[in-house]
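*Asks:* Got a structure here, written out as structure tokens. Questions coming.
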Amino acid sequence: MGLVCALVYLLAIVNFLPFAFKRDIVAVTSGAGRKDLLQEGQDIEMGRFLHRFPLEKLASYGFAYGTLASVTILGILDDSFDMRWRHKFFIPAFAALPMLALYFVDFGVTHVVVPAPLRQYVGELVDLGGFYYLYMAAISIFCPNCINILAGVNGIEVGQSLVIAFLIVLNDMLYILPIVHQPHPAADSHLFSIYLLLPFIGVSLALLKHNWFPAQVFVGDTYCYFAGMVFAVVGILGHFSKTLLLLFIPQIFNFLYSAPQLFGVVPCPRHRLPRFNARTGLLEPSVATFTNEKPLRPLVGEALKLLHRVKLLRVQTDATGRVTETSNFTILNLWLVWRGPLREDRLAMEVLGMQTAVGLLGLWVRHSLALVLFTADNRF
Amino acid sequence: MQDLTRPETYALTGLSLASLAILVNAWRRDGEPLFASVAISGIAFAFTYALIRWTGEVFVKRGYKGRDLSKKNAVEIPEAMGLVCALVYLLAIVNFLPFAFKRDIVAVTSGAGRKDLLQEGQDIEMGRFLHRFPLEKLASYGFAYGTLASVTILGILDDSFDMRWRHKFFIPAFAALPMLALYFVDFGVTHVVVPAPLRQYVGELVDLGGFYYLYMAAISIFCPNCINILAGVNGIEVGQSLVIAFLIVLNDMLYILPTVHQPHPAADSHLFSIYLLLPFIGVSLALLKHNWFPAQVFVGDTYCYFAGMVFAVVGILGHFSKTLLLLFIPQIFNFLYSAPQLFGIVPCPRHRLPRFNARTGLLEPSVATFTNEKPLRPLVGEARRAAPSGQAPARAGGCYGAGDGDEQFHDSESVVGVAGAVAGGQAGDGGVGYADGRGFAGVVGPT
């Protein structure tokens, strides 16, 4: 059902375009008296001049649209052809190619600002060159897959996407409110981000209404790809990818936490979503079990017991001390280990609350610490 | 997964390596977009060819299949292979972009000594100046890409959900919205030049205003559907698209050859058209190889939408939509000719593709039959008899409907009683009808 979201979203963006540029069209056509719109002399790294018509903004919309349409196609293919995970993982990178191409052709900025403490070693700016494109491709792969992994409970995929979207909009607003010196150099890219996120929030709220517990529809991988790519697009084209990653901390934690099972160090069952206890009507942590025929390697077993001791897992051992089962390595299961059995919507609500809190904390840290690390927060 | 044969592997690998060499060379020489486009098209051909062979089974397994009715043994082959074409095409366009703009990037970054690239003072209708970096060209590529990606999505939905014709007809208009938005925001030119004889009445230019957008939307609806109607015989959809593509490229070359005064004002938009068409030719040739008689794959509505939209995009963004319509004359004729059946004046059977005669192994015109229970209106019958067609009189035909007539999602239809085009294959449409169970019996009056 994420497909419906994505299609309506694309339609919404297209219909928004005339409004985004009306002022510029009027200025170009009428010309008279609007000299303040002639933005000459604004030199960006590429030595290019903005002129009466913000064509680079237009190109940004075009390629953003192209990227999101591509990821929708690939989402449909994924849901139709049921691909293997190792193929699905890289799909978003292909969908992101239009955006990378735009970046290459239009911005070409591959420098990163070095944190103050390191400047004496490497200088103020470091040019990552081609690696910057790998970094952007990595973000494009990362966001959709992260949303996809933190899944399995009604409403959690749409819910986490909405939380992240609201947090990004909150961050964007910091740059466009009158409290900062206007026009802020980053104001335009944050406005662009808001214009792309508001329709996203619109279509996602509609989907959430049908997907929240008890769900009437499922969202499919299409939604995860679509949502993740919206975030990647606004983060990359808005030049705030590091801030974006801050908001993804719970997802990053979930991914790292899942890694042992994803990469086969610990055996991984077909499904890892929390187990439903029909008698109580509550969700409990689901487990992976180990038998005598498929014993755990002793070293891994010891590591699991250690994690159990620091409360990052729930492990069961038999009389000989050999590990027989462990809770699955997902944040949803971990939450249930900590909080005990919960009803599905309660679990979703608490995890989303955690996401919100962590995100807000992250934004606060970013804007406060930025001053310390980079000697200037670009908000001011 | 079906493998390529050894000769195929060698040929494709050789082609890919040669194309790659040209590509690397082009990159070193500041982009050389034309050569890069040819090279990328070559790689696109090889990649599409291989992908079609490799993914055929997956398509069949997922239900995207059809039975070729015009064969002695109606085998089941993969359907909707146009999707593979469209995806490789999109990838090709994206990979072409750096080559298209390399020269401009170099000029902007190095700056020194390339003053000839400062194209100031070039006033277009909107009073805009081109500057060092041709951003409006970049925007054109972006929205063209967005339009073609959208039509691919809608093509997939069509082949997956089997929509009704009255819905499918308008699909391309939605896919074309990005292009219309670009036109509105960036060009805004809605004047048309009036033919000389009429100028004394209406003046030299007439501003169509909003109607121009309707006109562009109409072209976007028209091209895909036209290709879809002229269908039903192995290879005809891809074949007609390739013919049209080659003709457009031929027309484009007239504007960029040294025989005309360079730089011709329209040279840029025709180059843009060529850059979009060469990869299309590449992927379509690969598909044709598998779709030509006897077909190993079907192309699906996805291909018709994709191809039609490529033509609409180059025609509209290249500002030669009327020339484009000239090249669609056979399709226009087919559409008008089908109109009586499409709009129900003459009853329309489920399928209208030519009928396969298993004994001779040849195709014959298919028919719509009329019985005493469902007689033809007398007026319509008389019109048929007097039909001044050079061939056998028009039989009542089937409704234009889903995809090409080769494929069958509803494989219960028999070929008997199916109406179709006249013999000679001129208007060999194979529209599958949405006659919703309307049946016929009886015969059209003698000719």
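How things are named: the first chain in the structure tokens is A, the next is B, and so on; residues count from 1 in each chain; ligands count from 1 in the order shown.
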Skip Gly238 of chain A itself and residues of its chain fewer than 3 positions away, then list as a PyMOL selection string all residues within 6 Å of it, counting only C-alpha atoms.
*Replies:* chain A and resi 189+234-235
*Asks:* Give me the residues within 12 Å of Tyr135 of chain A as a ChimeraX atom specification, counting only C-alpha atoms and dropping any in the same chain fewer than 6 places off.
*Replies:* /A:93,96,100,110,112,128-129,141-142,232,236,241-242,245
*Asks:* May I ask which of the residues A:Met136, A:Gly2, A:Val8, A:Leu58 is the closest one to chain B, counting only C-alpha atoms?
*Replies:*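 Checking each candidate against chain B, we get A:Leu58 as the closest.
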*Asks:* From the set A:Tyr195, A:Asp106, A:Tyr121, A:Cys146, which residue has the shortest atom-to-atom contact distance to Asn15 of chain A, counting only C-alpha atoms?
*Replies:*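 Using only C-alpha atoms, the shortest distance to Asn15 of chain A belongs to A:Tyr195.
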*Asks:* Restricting the calculation to only C-alpha atoms, which member of B:Pro178, B:Gly56, B:Pro340, B:Pro354 is positioned closest to Leu230 of chain B?
*Replies:*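 Going through B:Pro178, B:Gly56, B:Pro340, B:Pro354 one by one, the smallest distance to Leu230 of chain B is for B:Pro354.
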*Asks:* Which of these, A:Ile249, A:Lys209, A:Val219, A:Met229, has the shortest distance to Leu197 of chain A once you count only C-alpha atoms?
*Replies:*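 Residue with the minimum atom-to-atom distance to Leu197 of chain A: A:Met229.
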*Asks:* Using DSSP on the backbone coordinates, identify the residues of segment 90-190 of chain A assigned to alpha helix (DSSP H); present them as a count of residues only.
*Replies:* 60
*Asks:* Tell me, as a ChimeraX atom specification, which residues lie within 12 Å of Ile274 of chain B, counting only C-alpha atoms; anything in the same chain fewer than 5 positions away does not count.
*Replies:* /B:33-38,41,93,100,245-256,267-269,279-281,310-311,313-315,317-318
*Asks:* Given only C-alpha atoms as the basis, pick out the residue of A:Phe19, A:Trp212, A:Phe248, A:Phe63 nearest to Ile139 of chain A.
*Replies:*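 Smallest distance to Ile139 of chain A is found for A:Phe248.
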*Asks:* What lies within 7 Å of Asp79 of chain A using only C-alpha atoms, ignoring chain neighbours under 5 positions off, as a PyMOL selection string?
*Replies:* chain A and resi 220-222
*Asks:* Any chance you could export the current selection's N, CA and C atoms as a PDB file, in the first residue's frame?
*Replies:*
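Listing of part.pdb after writing:
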```
ATOM      1  N   GLY A 220       4.182  -2.638   2.897  1.00  0.00           N
ATOM      2  CA  GLY A 220       5.060  -3.200   1.882  1.00  0.00           C
ATOM      3  C   GLY A 220       6.442  -2.575   1.887  1.00  0.00           C
ATOM      4  N   ASP A 221       7.347  -3.232   1.196  1.00  0.00           N
ATOM      5  CA  ASP A 221       8.687  -2.673   1.064  1.00  0.00           C
ATOM      6  C   ASP A 221       8.645  -1.370   0.297  1.00  0.00           C
ATOM      7  N   THR A 222       7.645  -1.218  -0.562  1.00  0.00           N
ATOM      8  CA  THR A 222       7.553   0.004  -1.355  1.00  0.00           C
ATOM      9  C   THR A 222       7.563   1.228  -0.465  1.00  0.00           C
TER      10      THR A 222
END
```
*Asks:* Which residue is closest to chain B? Choose from A:Ala138, A:Ala101, A:Leu170, A:Leu360 and count only C-alpha atoms.
*Replies:*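 Between A:Ala138, A:Ala101, A:Leu170, A:Leu360, the residue approaching chain B most closely is A:Ala101.
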*Asks:* Neighbours of Leu97 of chain B within 12 Å (only C-alpha atoms; same-chain residues fewer than 3 positions away dropped), as a PyMOL selection string?
*Replies:* (chain A and resi 63+97-106) or (chain B and resi 27+31-34+36-37+40+90-94+100-105+137-142+145+272+275-276)
*Asks:* Got a sec: who's within 8 Å of segment 356-361 of chain B, counting only C-alpha atoms, leaving out chain neighbours fewer than 5 positions off, as a list in words?
*Replies:*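 These residues fall inside the cut-off: Leu69, Ser70, Lys71, Lys72 and Val415 of chain B.
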*Asks:* Next, write the just-selected residues to a file, as an mmCIF file, in the first residue's frame, keeping C-alpha atoms as the atom set.
*Replies:*
```
data_model
loop_
_atom_site.group_PDB
_atom_site.id
_atom_site.type_symbol
_atom_site.label_atom_id
_atom_site.label_comp_id
_atom_site.auth_asym_id
_atom_site.auth_seq_id
_atom_site.Cartn_x
_atom_site.Cartn_y
_atom_site.Cartn_z
ATOM 1 C CA LEU B 69 -2.350 -17.395 -30.153
ATOM 2 C CA SER B 70 -0.967 -17.014 -33.624
ATOM 3 C CA LYS B 71 1.113 -20.117 -33.421
ATOM 4 C CA LYS B 72 0.329 -23.788 -33.893
ATOM 5 C CA VAL B 415 -10.106 -17.036 -32.013
#
```
